[in-house]
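The next block is query_24.txt, given as compact mmCIF, N, CA and C atoms.
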# COMPACT_ATOMS: atom_id res chain seq x y z
N MET R 1 92.98 41.54 60.25
CA MET R 1 92.81 42.02 58.90
C MET R 1 92.77 40.80 58.00
N SER R 2 91.92 40.80 57.02
CA SER R 2 91.77 39.68 56.11
C SER R 2 92.32 40.07 54.75
N LYS R 3 93.02 39.15 54.12
CA LYS R 3 93.55 39.36 52.77
C LYS R 3 92.82 38.44 51.82
N LYS R 4 92.59 38.90 50.59
CA LYS R 4 91.96 38.05 49.60
C LYS R 4 92.68 38.25 48.28
N GLY R 5 92.43 37.38 47.35
CA GLY R 5 93.02 37.54 46.04
C GLY R 5 93.60 36.23 45.54
N VAL R 6 94.53 36.33 44.61
CA VAL R 6 95.07 35.14 43.97
C VAL R 6 95.83 34.26 44.94
N MET R 7 96.26 34.80 46.06
CA MET R 7 97.02 34.03 47.03
C MET R 7 96.11 33.30 48.01
N GLY R 8 94.80 33.56 47.98
CA GLY R 8 93.86 32.94 48.91
C GLY R 8 93.59 33.85 50.09
N ASP R 9 92.75 33.38 51.00
CA ASP R 9 92.38 34.16 52.18
C ASP R 9 93.26 33.79 53.35
N PHE R 10 93.75 34.79 54.06
CA PHE R 10 94.46 34.57 55.31
C PHE R 10 94.42 35.86 56.09
N SER R 11 94.73 35.79 57.37
CA SER R 11 94.62 36.96 58.25
C SER R 11 95.97 37.30 58.86
N VAL R 12 96.18 38.61 59.06
CA VAL R 12 97.35 39.11 59.78
C VAL R 12 96.87 40.22 60.70
N GLN R 13 97.64 40.50 61.72
CA GLN R 13 97.32 41.61 62.60
C GLN R 13 98.01 42.86 62.07
N PRO R 14 97.29 43.98 61.94
CA PRO R 14 97.91 45.20 61.44
C PRO R 14 98.95 45.72 62.44
N ARG R 15 100.08 46.17 61.91
CA ARG R 15 101.11 46.81 62.72
C ARG R 15 101.47 48.11 62.03
N THR R 16 101.67 49.15 62.80
CA THR R 16 102.02 50.44 62.22
C THR R 16 103.30 50.95 62.84
N ALA R 17 104.00 51.81 62.11
CA ALA R 17 105.19 52.49 62.60
C ALA R 17 105.12 53.94 62.16
N ASN R 18 105.20 54.85 63.11
CA ASN R 18 105.14 56.27 62.81
C ASN R 18 106.57 56.77 62.61
N THR R 19 106.89 57.20 61.39
CA THR R 19 108.22 57.73 61.08
C THR R 19 108.07 59.17 60.63
N GLY R 20 107.65 60.04 61.54
CA GLY R 20 107.43 61.43 61.20
C GLY R 20 106.05 61.62 60.63
N ALA R 21 105.97 62.19 59.43
CA ALA R 21 104.69 62.47 58.79
C ALA R 21 104.07 61.23 58.15
N THR R 22 104.84 60.15 58.06
CA THR R 22 104.37 58.93 57.40
C THR R 22 104.07 57.87 58.45
N ILE R 23 102.93 57.21 58.29
CA ILE R 23 102.61 56.08 59.15
C ILE R 23 102.55 54.84 58.29
N TRP R 24 103.52 53.96 58.47
CA TRP R 24 103.61 52.74 57.67
C TRP R 24 102.81 51.63 58.32
N THR R 25 101.98 50.96 57.52
CA THR R 25 101.19 49.82 57.98
C THR R 25 101.68 48.57 57.27
N VAL R 26 102.03 47.56 58.03
CA VAL R 26 102.51 46.30 57.45
C VAL R 26 101.37 45.67 56.64
N ALA R 27 101.69 45.31 55.40
CA ALA R 27 100.69 44.72 54.50
C ALA R 27 100.88 43.21 54.35
N CYS R 28 102.12 42.78 54.14
CA CYS R 28 102.41 41.36 53.90
C CYS R 28 103.90 41.17 53.80
N ASP R 29 104.34 39.94 53.65
CA ASP R 29 105.72 39.65 53.30
C ASP R 29 105.86 39.75 51.79
N VAL R 30 107.00 40.20 51.32
CA VAL R 30 107.19 40.33 49.88
C VAL R 30 107.02 38.98 49.18
N ASP R 31 107.34 37.88 49.88
CA ASP R 31 107.16 36.55 49.28
C ASP R 31 105.70 36.17 49.09
N ASP R 32 104.78 36.90 49.74
CA ASP R 32 103.34 36.67 49.53
C ASP R 32 102.88 37.20 48.17
N LEU R 33 103.72 38.01 47.53
CA LEU R 33 103.36 38.63 46.25
C LEU R 33 104.03 37.89 45.11
N ALA R 34 103.24 37.14 44.37
CA ALA R 34 103.77 36.47 43.17
C ALA R 34 104.04 37.54 42.11
N PRO R 35 105.17 37.47 41.42
CA PRO R 35 105.46 38.47 40.39
C PRO R 35 104.33 38.58 39.37
N ASP R 36 103.95 39.83 39.09
CA ASP R 36 102.94 40.15 38.07
C ASP R 36 101.56 39.59 38.36
N ARG R 37 101.27 39.31 39.63
CA ARG R 37 99.95 38.83 40.05
C ARG R 37 99.42 39.76 41.13
N PRO R 38 98.38 40.53 40.86
CA PRO R 38 97.86 41.46 41.87
C PRO R 38 97.28 40.73 43.08
N LEU R 39 97.37 41.39 44.22
CA LEU R 39 96.83 40.86 45.46
C LEU R 39 95.97 41.93 46.11
N GLY R 40 94.71 41.63 46.34
CA GLY R 40 93.79 42.55 47.01
C GLY R 40 93.82 42.34 48.51
N ILE R 41 94.00 43.42 49.27
CA ILE R 41 93.99 43.36 50.73
C ILE R 41 93.19 44.56 51.26
N ARG R 42 92.91 44.54 52.55
CA ARG R 42 92.29 45.69 53.22
C ARG R 42 93.22 46.12 54.34
N LEU R 43 93.54 47.41 54.36
CA LEU R 43 94.32 48.00 55.44
C LEU R 43 93.50 49.14 56.02
N ALA R 44 93.15 49.05 57.29
CA ALA R 44 92.39 50.11 57.96
C ALA R 44 91.17 50.52 57.14
N GLU R 45 90.41 49.52 56.69
CA GLU R 45 89.18 49.74 55.92
C GLU R 45 89.42 50.31 54.52
N THR R 46 90.66 50.31 54.06
CA THR R 46 90.97 50.79 52.71
C THR R 46 91.33 49.60 51.84
N ALA R 47 90.65 49.47 50.69
CA ALA R 47 90.95 48.39 49.74
C ALA R 47 92.21 48.76 48.96
N ILE R 48 93.20 47.88 49.04
CA ILE R 48 94.50 48.11 48.40
C ILE R 48 94.78 46.96 47.45
N CYS R 49 95.32 47.30 46.28
CA CYS R 49 95.81 46.31 45.33
C CYS R 49 97.33 46.42 45.33
N LEU R 50 98.00 45.34 45.75
CA LEU R 50 99.46 45.28 45.75
C LEU R 50 99.93 44.52 44.52
N VAL R 51 101.01 45.03 43.91
CA VAL R 51 101.57 44.37 42.73
C VAL R 51 103.09 44.39 42.84
N ARG R 52 103.68 43.22 42.63
CA ARG R 52 105.15 43.10 42.56
C ARG R 52 105.50 42.89 41.10
N THR R 53 106.18 43.87 40.52
CA THR R 53 106.55 43.79 39.10
C THR R 53 107.77 44.66 38.84
N ALA R 54 108.53 44.34 37.84
CA ALA R 54 109.69 45.13 37.42
C ALA R 54 110.63 45.42 38.59
N GLY R 55 110.74 44.47 39.52
CA GLY R 55 111.65 44.62 40.64
C GLY R 55 111.18 45.57 41.73
N GLU R 56 109.91 46.00 41.68
CA GLU R 56 109.36 46.91 42.67
C GLU R 56 108.01 46.40 43.16
N VAL R 57 107.52 47.01 44.24
CA VAL R 57 106.18 46.72 44.75
C VAL R 57 105.39 48.01 44.69
N PHE R 58 104.18 47.94 44.15
CA PHE R 58 103.30 49.09 44.01
C PHE R 58 102.00 48.85 44.77
N ALA R 59 101.37 49.94 45.19
CA ALA R 59 100.07 49.86 45.85
C ALA R 59 99.15 50.92 45.26
N VAL R 60 97.97 50.48 44.83
CA VAL R 60 96.94 51.39 44.31
C VAL R 60 95.62 51.05 44.99
N HIS R 61 94.70 52.00 44.94
CA HIS R 61 93.36 51.73 45.47
C HIS R 61 92.77 50.58 44.66
N ASP R 62 92.18 49.62 45.34
CA ASP R 62 91.69 48.42 44.66
C ASP R 62 90.29 48.62 44.11
N GLU R 63 90.14 49.66 43.29
CA GLU R 63 88.85 49.91 42.64
C GLU R 63 89.08 50.70 41.37
N CYS R 64 88.60 50.17 40.26
CA CYS R 64 88.68 50.87 38.98
C CYS R 64 87.86 52.15 39.06
N THR R 65 88.42 53.24 38.57
CA THR R 65 87.71 54.52 38.61
C THR R 65 86.58 54.60 37.60
N HIS R 66 86.50 53.64 36.71
CA HIS R 66 85.40 53.62 35.74
C HIS R 66 84.32 52.64 36.15
N GLY R 67 84.72 51.38 36.41
CA GLY R 67 83.74 50.33 36.63
C GLY R 67 83.48 49.97 38.08
N ALA R 68 84.23 50.58 39.02
CA ALA R 68 84.06 50.32 40.45
C ALA R 68 84.14 48.83 40.78
N VAL R 69 85.07 48.12 40.14
CA VAL R 69 85.33 46.71 40.43
C VAL R 69 86.79 46.59 40.89
N PRO R 70 87.14 45.51 41.59
CA PRO R 70 88.50 45.38 42.10
C PRO R 70 89.55 45.26 40.99
N LEU R 71 90.56 46.12 41.05
CA LEU R 71 91.67 46.02 40.11
C LEU R 71 92.50 44.77 40.37
N SER R 72 92.45 44.26 41.61
CA SER R 72 93.22 43.06 41.94
C SER R 72 92.72 41.83 41.19
N ASP R 73 91.57 41.93 40.54
CA ASP R 73 91.07 40.84 39.69
C ASP R 73 91.55 41.00 38.25
N GLY R 74 92.32 42.05 37.99
CA GLY R 74 92.79 42.33 36.64
C GLY R 74 94.14 41.71 36.34
N GLU R 75 94.74 42.14 35.22
CA GLU R 75 96.01 41.59 34.77
C GLU R 75 97.08 42.67 34.77
N VAL R 76 98.31 42.25 35.08
CA VAL R 76 99.46 43.14 35.13
C VAL R 76 100.30 42.94 33.88
N ASP R 77 100.75 44.05 33.29
CA ASP R 77 101.66 44.02 32.16
C ASP R 77 102.70 45.10 32.41
N GLY R 78 103.89 44.68 32.84
CA GLY R 78 104.91 45.66 33.20
C GLY R 78 104.42 46.49 34.37
N CYS R 79 104.46 47.79 34.23
CA CYS R 79 104.03 48.69 35.31
C CYS R 79 102.61 49.20 35.09
N THR R 80 101.78 48.38 34.43
CA THR R 80 100.37 48.74 34.26
C THR R 80 99.49 47.61 34.76
N ILE R 81 98.27 47.99 35.16
CA ILE R 81 97.27 47.00 35.54
C ILE R 81 96.02 47.28 34.72
N GLU R 82 95.40 46.21 34.23
CA GLU R 82 94.21 46.34 33.39
C GLU R 82 92.99 45.83 34.15
N CYS R 83 91.94 46.63 34.16
CA CYS R 83 90.68 46.24 34.78
C CYS R 83 90.04 45.14 33.93
N TRP R 84 89.59 44.10 34.60
CA TRP R 84 89.02 42.96 33.89
C TRP R 84 87.67 43.27 33.27
N LEU R 85 86.95 44.28 33.76
CA LEU R 85 85.58 44.51 33.30
C LEU R 85 85.50 45.18 31.93
N HIS R 86 86.17 46.33 31.77
CA HIS R 86 86.08 47.07 30.50
C HIS R 86 87.43 47.34 29.86
N GLY R 87 88.51 46.84 30.47
CA GLY R 87 89.83 47.00 29.86
C GLY R 87 90.54 48.29 30.16
N SER R 88 90.05 49.08 31.10
CA SER R 88 90.78 50.30 31.48
C SER R 88 92.15 49.91 32.01
N ARG R 89 93.17 50.70 31.65
CA ARG R 89 94.53 50.43 32.11
C ARG R 89 95.03 51.61 32.93
N PHE R 90 95.81 51.29 33.98
CA PHE R 90 96.35 52.30 34.87
C PHE R 90 97.84 52.08 35.07
N ASP R 91 98.59 53.19 35.15
CA ASP R 91 100.01 53.13 35.44
C ASP R 91 100.17 52.89 36.95
N LEU R 92 100.85 51.83 37.34
CA LEU R 92 101.01 51.51 38.74
C LEU R 92 101.89 52.52 39.47
N ARG R 93 102.76 53.22 38.74
CA ARG R 93 103.65 54.20 39.37
C ARG R 93 102.95 55.50 39.70
N SER R 94 102.06 55.95 38.82
CA SER R 94 101.43 57.26 38.98
C SER R 94 99.92 57.20 39.21
N GLY R 95 99.31 56.07 38.87
CA GLY R 95 97.85 55.94 38.94
C GLY R 95 97.14 56.47 37.71
N GLU R 96 97.88 57.04 36.79
CA GLU R 96 97.29 57.65 35.59
C GLU R 96 96.46 56.64 34.80
N ALA R 97 95.27 57.07 34.37
CA ALA R 97 94.45 56.27 33.46
C ALA R 97 95.08 56.37 32.08
N LEU R 98 95.39 55.23 31.48
CA LEU R 98 96.13 55.21 30.23
C LEU R 98 95.25 55.10 29.00
N GLY R 99 93.95 55.04 29.18
CA GLY R 99 93.05 54.99 28.04
C GLY R 99 91.63 54.71 28.47
N PRO R 100 90.69 54.99 27.58
CA PRO R 100 89.28 54.79 27.91
C PRO R 100 88.98 53.31 28.14
N PRO R 101 87.93 53.06 28.85
CA PRO R 101 86.91 54.02 29.25
C PRO R 101 87.24 54.83 30.50
N ALA R 102 88.21 54.44 31.33
CA ALA R 102 88.55 55.24 32.51
C ALA R 102 89.24 56.53 32.09
N THR R 103 88.86 57.62 32.75
CA THR R 103 89.51 58.90 32.50
C THR R 103 90.12 59.48 33.78
N GLU R 104 89.70 58.98 34.93
CA GLU R 104 90.21 59.45 36.22
C GLU R 104 91.33 58.52 36.70
N PRO R 105 92.38 59.07 37.31
CA PRO R 105 93.44 58.22 37.83
C PRO R 105 92.98 57.43 39.05
N VAL R 106 93.69 56.35 39.33
CA VAL R 106 93.46 55.57 40.54
C VAL R 106 94.46 56.08 41.59
N ARG R 107 94.05 56.09 42.84
CA ARG R 107 94.93 56.57 43.91
C ARG R 107 96.09 55.60 44.11
N THR R 108 97.27 56.15 44.28
CA THR R 108 98.45 55.35 44.59
C THR R 108 98.86 55.59 46.04
N PHE R 109 99.61 54.64 46.59
CA PHE R 109 100.08 54.74 47.97
C PHE R 109 101.57 54.46 48.02
N PRO R 110 102.31 55.20 48.86
CA PRO R 110 103.74 54.90 49.03
C PRO R 110 103.92 53.50 49.62
N VAL R 111 104.97 52.82 49.15
CA VAL R 111 105.29 51.46 49.60
C VAL R 111 106.76 51.42 49.98
N ARG R 112 107.05 50.64 51.02
CA ARG R 112 108.45 50.35 51.33
C ARG R 112 108.56 48.86 51.66
N VAL R 113 109.74 48.32 51.35
CA VAL R 113 110.04 46.92 51.67
C VAL R 113 111.32 46.92 52.49
N ILE R 114 111.21 46.45 53.74
CA ILE R 114 112.37 46.35 54.62
C ILE R 114 112.43 44.93 55.16
N SER R 115 113.58 44.30 54.94
CA SER R 115 113.80 42.93 55.40
C SER R 115 112.68 41.99 54.96
N GLY R 116 112.20 42.19 53.73
CA GLY R 116 111.18 41.32 53.16
C GLY R 116 109.76 41.62 53.60
N VAL R 117 109.56 42.70 54.36
CA VAL R 117 108.22 43.06 54.83
C VAL R 117 107.74 44.28 54.05
N VAL R 118 106.55 44.15 53.44
CA VAL R 118 105.95 45.23 52.65
C VAL R 118 105.06 46.07 53.56
N SER R 119 105.30 47.38 53.57
CA SER R 119 104.47 48.31 54.33
C SER R 119 103.94 49.38 53.39
N VAL R 120 102.74 49.87 53.71
CA VAL R 120 102.06 50.86 52.87
C VAL R 120 101.67 52.04 53.75
N ASP R 121 101.84 53.25 53.22
CA ASP R 121 101.36 54.46 53.89
C ASP R 121 100.00 54.79 53.31
N ILE R 122 98.94 54.50 54.06
CA ILE R 122 97.58 54.75 53.57
C ILE R 122 97.03 56.08 54.03
N GLY R 123 97.89 56.87 54.71
CA GLY R 123 97.48 58.19 55.21
C GLY R 123 97.11 59.09 54.13

Represent the structure contained in this file as structure tokens.
Amino acid sequence: MSKKGVMGDFSVQPRTANTGATIWTVACDVDDLAPDRPLGIRLAETAICLVRTAGEVFAVHDECTHGAVPLSDGEVDGCTIECWLHGSRFDLRSGEALGPPATEPVRTFPVRVISGVVSVDIG
């Protein structure tokens, strides 16, 4: 799997853990996430934008619902991410579009951090 974004390009092997109805896929180490700097990655052919902010890690689909450009190229302000193209803002907790031009929410994904390892449920 290849990762791209503000941290540069590097590769990791995907690992999954089935814990009942949830299948966790290892995304990165929490130290790979600079605070308030989005990181674009691909997990099982799904574009994910990871953000470490406000003491938590969030994962959203890495595509603006208005401009179809990577949100990982945008800016983080608290628990929101702003699309660089037209300024659409999304709540990282809920995916809610917070103002025009985007009107549709962005998909969010459950995240867990155990022993410094970030995993995402992309199911």

Figure out the distance between atom C of Val30 (chain R) and CA of Arg52 (chain R), please, to one decimal in Å.
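Here the two named atoms are 8.0 Å from each other.
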
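One distance worth recording is that between atom C of Gly74 (chain R) and atom N of Leu92 (chain R), which is 12.2 Å.
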
Starting from 5 Å padding per side, set up an axis-aligned box that covers all listed atoms of region 30-48 of chain R and hand over centre and edge lengths in Å, one decimal, as JSON.
{"center_x": 98.3, "center_y": 43.5, "center_z": 48.0, "size_x": 28.2, "size_y": 24.6, "size_z": 29.9}

Expressed in Å, the length from CA of Phe109 (chain R) to CA of Asp32 (chain R) is 18.4 Å

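In terms of minimum interatomic distance to Leu39 (chain R), R:Val51 ranks closest within R:Val118, R:Val113, R:Val51, R:Val106, counting only C-alpha atoms.
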
Per-residue nearest contacts of region 19-68 of chain R to region 76-91 of chain R (7 Å; only N, CA and C atoms) as JSON lines:
{"residue": "R:Asp36", "atom": "C", "partner": "R:Val76", "partner_atom": "CA", "distance": 5.2}
{"residue": "R:Arg37", "atom": "N", "partner": "R:Val76", "partner_atom": "N", "distance": 6.2}
{"residue": "R:Pro38", "atom": "N", "partner": "R:Val76", "partner_atom": "N", "distance": 6.0}
{"residue": "R:Thr53", "atom": "CA", "partner": "R:Gly78", "partner_atom": "C", "distance": 5.8}
{"residue": "R:Ala54", "atom": "N", "partner": "R:Gly78", "partner_atom": "C", "distance": 5.8}
{"residue": "R:Cys64", "atom": "CA", "partner": "R:Cys83", "partner_atom": "CA", "distance": 6.6}
{"residue": "R:Gly67", "atom": "CA", "partner": "R:His86", "partner_atom": "N", "distance": 6.7}

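Minimum atom-to-atom distance to Ile23 (chain R), evaluated using only C-alpha atoms, belongs to R:Asp121 out of R:Glu96, R:Asp121, R:Glu75, R:Glu63.
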
Show which residues sit within 7 Å of Ala27 (chain R), as a PyMOL selection string. Count all atoms listed in the file, and ignore same-chain residues fewer than 3 positions away.
chain R and resi 15+117-120

Out of R:Glu45, R:Asp29, R:Glu56, R:Asp62, which residue has the shortest atom-to-atom distance to Arg107 (chain R) when counting only C-alpha atoms?
R:Asp62

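Shortest atom-to-atom contact with Asp31 (chain R) among R:Pro110, R:Pro70, R:Gly116, R:Pro105: R:Gly116, counting only N, CA and C atoms.
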
Assign secondary structure with DSSP using the backbone only, and return the residues of chain R in strand (DSSP E) as a compact mmCIF listing (two decimals) with N, CA and C atoms, in the coordinates of the input.
# COMPACT_ATOMS: atom_id res chain seq x y z
N SER R 2 91.92 40.80 57.02
CA SER R 2 91.77 39.68 56.11
C SER R 2 92.32 40.07 54.75
N LYS R 3 93.02 39.15 54.12
CA LYS R 3 93.55 39.36 52.77
C LYS R 3 92.82 38.44 51.82
N LYS R 4 92.59 38.90 50.59
CA LYS R 4 91.96 38.05 49.60
C LYS R 4 92.68 38.25 48.28
N GLY R 5 92.43 37.38 47.35
CA GLY R 5 93.02 37.54 46.04
C GLY R 5 93.60 36.23 45.54
N PHE R 10 93.75 34.79 54.06
CA PHE R 10 94.46 34.57 55.31
C PHE R 10 94.42 35.86 56.09
N SER R 11 94.73 35.79 57.37
CA SER R 11 94.62 36.96 58.25
C SER R 11 95.97 37.30 58.86
N THR R 16 101.67 49.15 62.80
CA THR R 16 102.02 50.44 62.22
C THR R 16 103.30 50.95 62.84
N ALA R 17 104.00 51.81 62.11
CA ALA R 17 105.19 52.49 62.60
C ALA R 17 105.12 53.94 62.16
N ASN R 18 105.20 54.85 63.11
CA ASN R 18 105.14 56.27 62.81
C ASN R 18 106.57 56.77 62.61
N THR R 19 106.89 57.20 61.39
CA THR R 19 108.22 57.73 61.08
C THR R 19 108.07 59.17 60.63
N THR R 22 104.84 60.15 58.06
CA THR R 22 104.37 58.93 57.40
C THR R 22 104.07 57.87 58.45
N ILE R 23 102.93 57.21 58.29
CA ILE R 23 102.61 56.08 59.15
C ILE R 23 102.55 54.84 58.29
N TRP R 24 103.52 53.96 58.47
CA TRP R 24 103.61 52.74 57.67
C TRP R 24 102.81 51.63 58.32
N THR R 25 101.98 50.96 57.52
CA THR R 25 101.19 49.82 57.98
C THR R 25 101.68 48.57 57.27
N VAL R 26 102.03 47.56 58.03
CA VAL R 26 102.51 46.30 57.45
C VAL R 26 101.37 45.67 56.64
N ALA R 27 101.69 45.31 55.40
CA ALA R 27 100.69 44.72 54.50
C ALA R 27 100.88 43.21 54.35
N CYS R 28 102.12 42.78 54.14
CA CYS R 28 102.41 41.36 53.90
C CYS R 28 103.90 41.17 53.80
N ASP R 29 104.34 39.94 53.65
CA ASP R 29 105.72 39.65 53.30
C ASP R 29 105.86 39.75 51.79
N LEU R 39 97.37 41.39 44.22
CA LEU R 39 96.83 40.86 45.46
C LEU R 39 95.97 41.93 46.11
N GLY R 40 94.71 41.63 46.34
CA GLY R 40 93.79 42.55 47.01
C GLY R 40 93.82 42.34 48.51
N ILE R 41 94.00 43.42 49.27
CA ILE R 41 93.99 43.36 50.73
C ILE R 41 93.19 44.56 51.26
N ARG R 42 92.91 44.54 52.55
CA ARG R 42 92.29 45.69 53.22
C ARG R 42 93.22 46.12 54.34
N LEU R 43 93.54 47.41 54.36
CA LEU R 43 94.32 48.00 55.44
C LEU R 43 93.50 49.14 56.02
N THR R 46 90.66 50.31 54.06
CA THR R 46 90.97 50.79 52.71
C THR R 46 91.33 49.60 51.84
N ALA R 47 90.65 49.47 50.69
CA ALA R 47 90.95 48.39 49.74
C ALA R 47 92.21 48.76 48.96
N ILE R 48 93.20 47.88 49.04
CA ILE R 48 94.50 48.11 48.40
C ILE R 48 94.78 46.96 47.45
N CYS R 49 95.32 47.30 46.28
CA CYS R 49 95.81 46.31 45.33
C CYS R 49 97.33 46.42 45.33
N LEU R 50 98.00 45.34 45.75
CA LEU R 50 99.46 45.28 45.75
C LEU R 50 99.93 44.52 44.52
N VAL R 51 101.01 45.03 43.91
CA VAL R 51 101.57 44.37 42.73
C VAL R 51 103.09 44.39 42.84
N ARG R 52 103.68 43.22 42.63
CA ARG R 52 105.15 43.10 42.56
C ARG R 52 105.50 42.89 41.10
N THR R 53 106.18 43.87 40.52
CA THR R 53 106.55 43.79 39.10
C THR R 53 107.77 44.66 38.84
N GLU R 56 109.91 46.00 41.68
CA GLU R 56 109.36 46.91 42.67
C GLU R 56 108.01 46.40 43.16
N VAL R 57 107.52 47.01 44.24
CA VAL R 57 106.18 46.72 44.75
C VAL R 57 105.39 48.01 44.69
N PHE R 58 104.18 47.94 44.15
CA PHE R 58 103.30 49.09 44.01
C PHE R 58 102.00 48.85 44.77
N ALA R 59 101.37 49.94 45.19
CA ALA R 59 100.07 49.86 45.85
C ALA R 59 99.15 50.92 45.26
N VAL R 60 97.97 50.48 44.83
CA VAL R 60 96.94 51.39 44.31
C VAL R 60 95.62 51.05 44.99
N HIS R 61 94.70 52.00 44.94
CA HIS R 61 93.36 51.73 45.47
C HIS R 61 92.77 50.58 44.66
N GLU R 75 94.74 42.14 35.22
CA GLU R 75 96.01 41.59 34.77
C GLU R 75 97.08 42.67 34.77
N VAL R 76 98.31 42.25 35.08
CA VAL R 76 99.46 43.14 35.13
C VAL R 76 100.30 42.94 33.88
N ASP R 77 100.75 44.05 33.29
CA ASP R 77 101.66 44.02 32.16
C ASP R 77 102.70 45.10 32.41
N THR R 80 101.78 48.38 34.43
CA THR R 80 100.37 48.74 34.26
C THR R 80 99.49 47.61 34.76
N ILE R 81 98.27 47.99 35.16
CA ILE R 81 97.27 47.00 35.54
C ILE R 81 96.02 47.28 34.72
N GLU R 82 95.40 46.21 34.23
CA GLU R 82 94.21 46.34 33.39
C GLU R 82 92.99 45.83 34.15
N ARG R 89 93.17 50.70 31.65
CA ARG R 89 94.53 50.43 32.11
C ARG R 89 95.03 51.61 32.93
N PHE R 90 95.81 51.29 33.98
CA PHE R 90 96.35 52.30 34.87
C PHE R 90 97.84 52.08 35.07
N ASP R 91 98.59 53.19 35.15
CA ASP R 91 100.01 53.13 35.44
C ASP R 91 100.17 52.89 36.95
N THR R 108 97.27 56.15 44.28
CA THR R 108 98.45 55.35 44.59
C THR R 108 98.86 55.59 46.04
N PHE R 109 99.61 54.64 46.59
CA PHE R 109 100.08 54.74 47.97
C PHE R 109 101.57 54.46 48.02
N VAL R 111 104.97 52.82 49.15
CA VAL R 111 105.29 51.46 49.60
C VAL R 111 106.76 51.42 49.98
N ARG R 112 107.05 50.64 51.02
CA ARG R 112 108.45 50.35 51.33
C ARG R 112 108.56 48.86 51.66
N VAL R 113 109.74 48.32 51.35
CA VAL R 113 110.04 46.92 51.67
C VAL R 113 111.32 46.92 52.49
N ILE R 114 111.21 46.45 53.74
CA ILE R 114 112.37 46.35 54.62
C ILE R 114 112.43 44.93 55.16
N VAL R 117 109.56 42.70 54.36
CA VAL R 117 108.22 43.06 54.83
C VAL R 117 107.74 44.28 54.05
N VAL R 118 106.55 44.15 53.44
CA VAL R 118 105.95 45.23 52.65
C VAL R 118 105.06 46.07 53.56
N SER R 119 105.30 47.38 53.57
CA SER R 119 104.47 48.31 54.33
C SER R 119 103.94 49.38 53.39
N VAL R 120 102.74 49.87 53.71
CA VAL R 120 102.06 50.86 52.87
C VAL R 120 101.67 52.04 53.75
N ASP R 121 101.84 53.25 53.22
CA ASP R 121 101.36 54.46 53.89
C ASP R 121 100.00 54.79 53.31

Rank nothing, just name the residue among R:Gly99, R:Ile114, R:Thr22, R:Cys49 nearest to Asp73 (chain R), using all atoms listed in the file.
R:Cys49
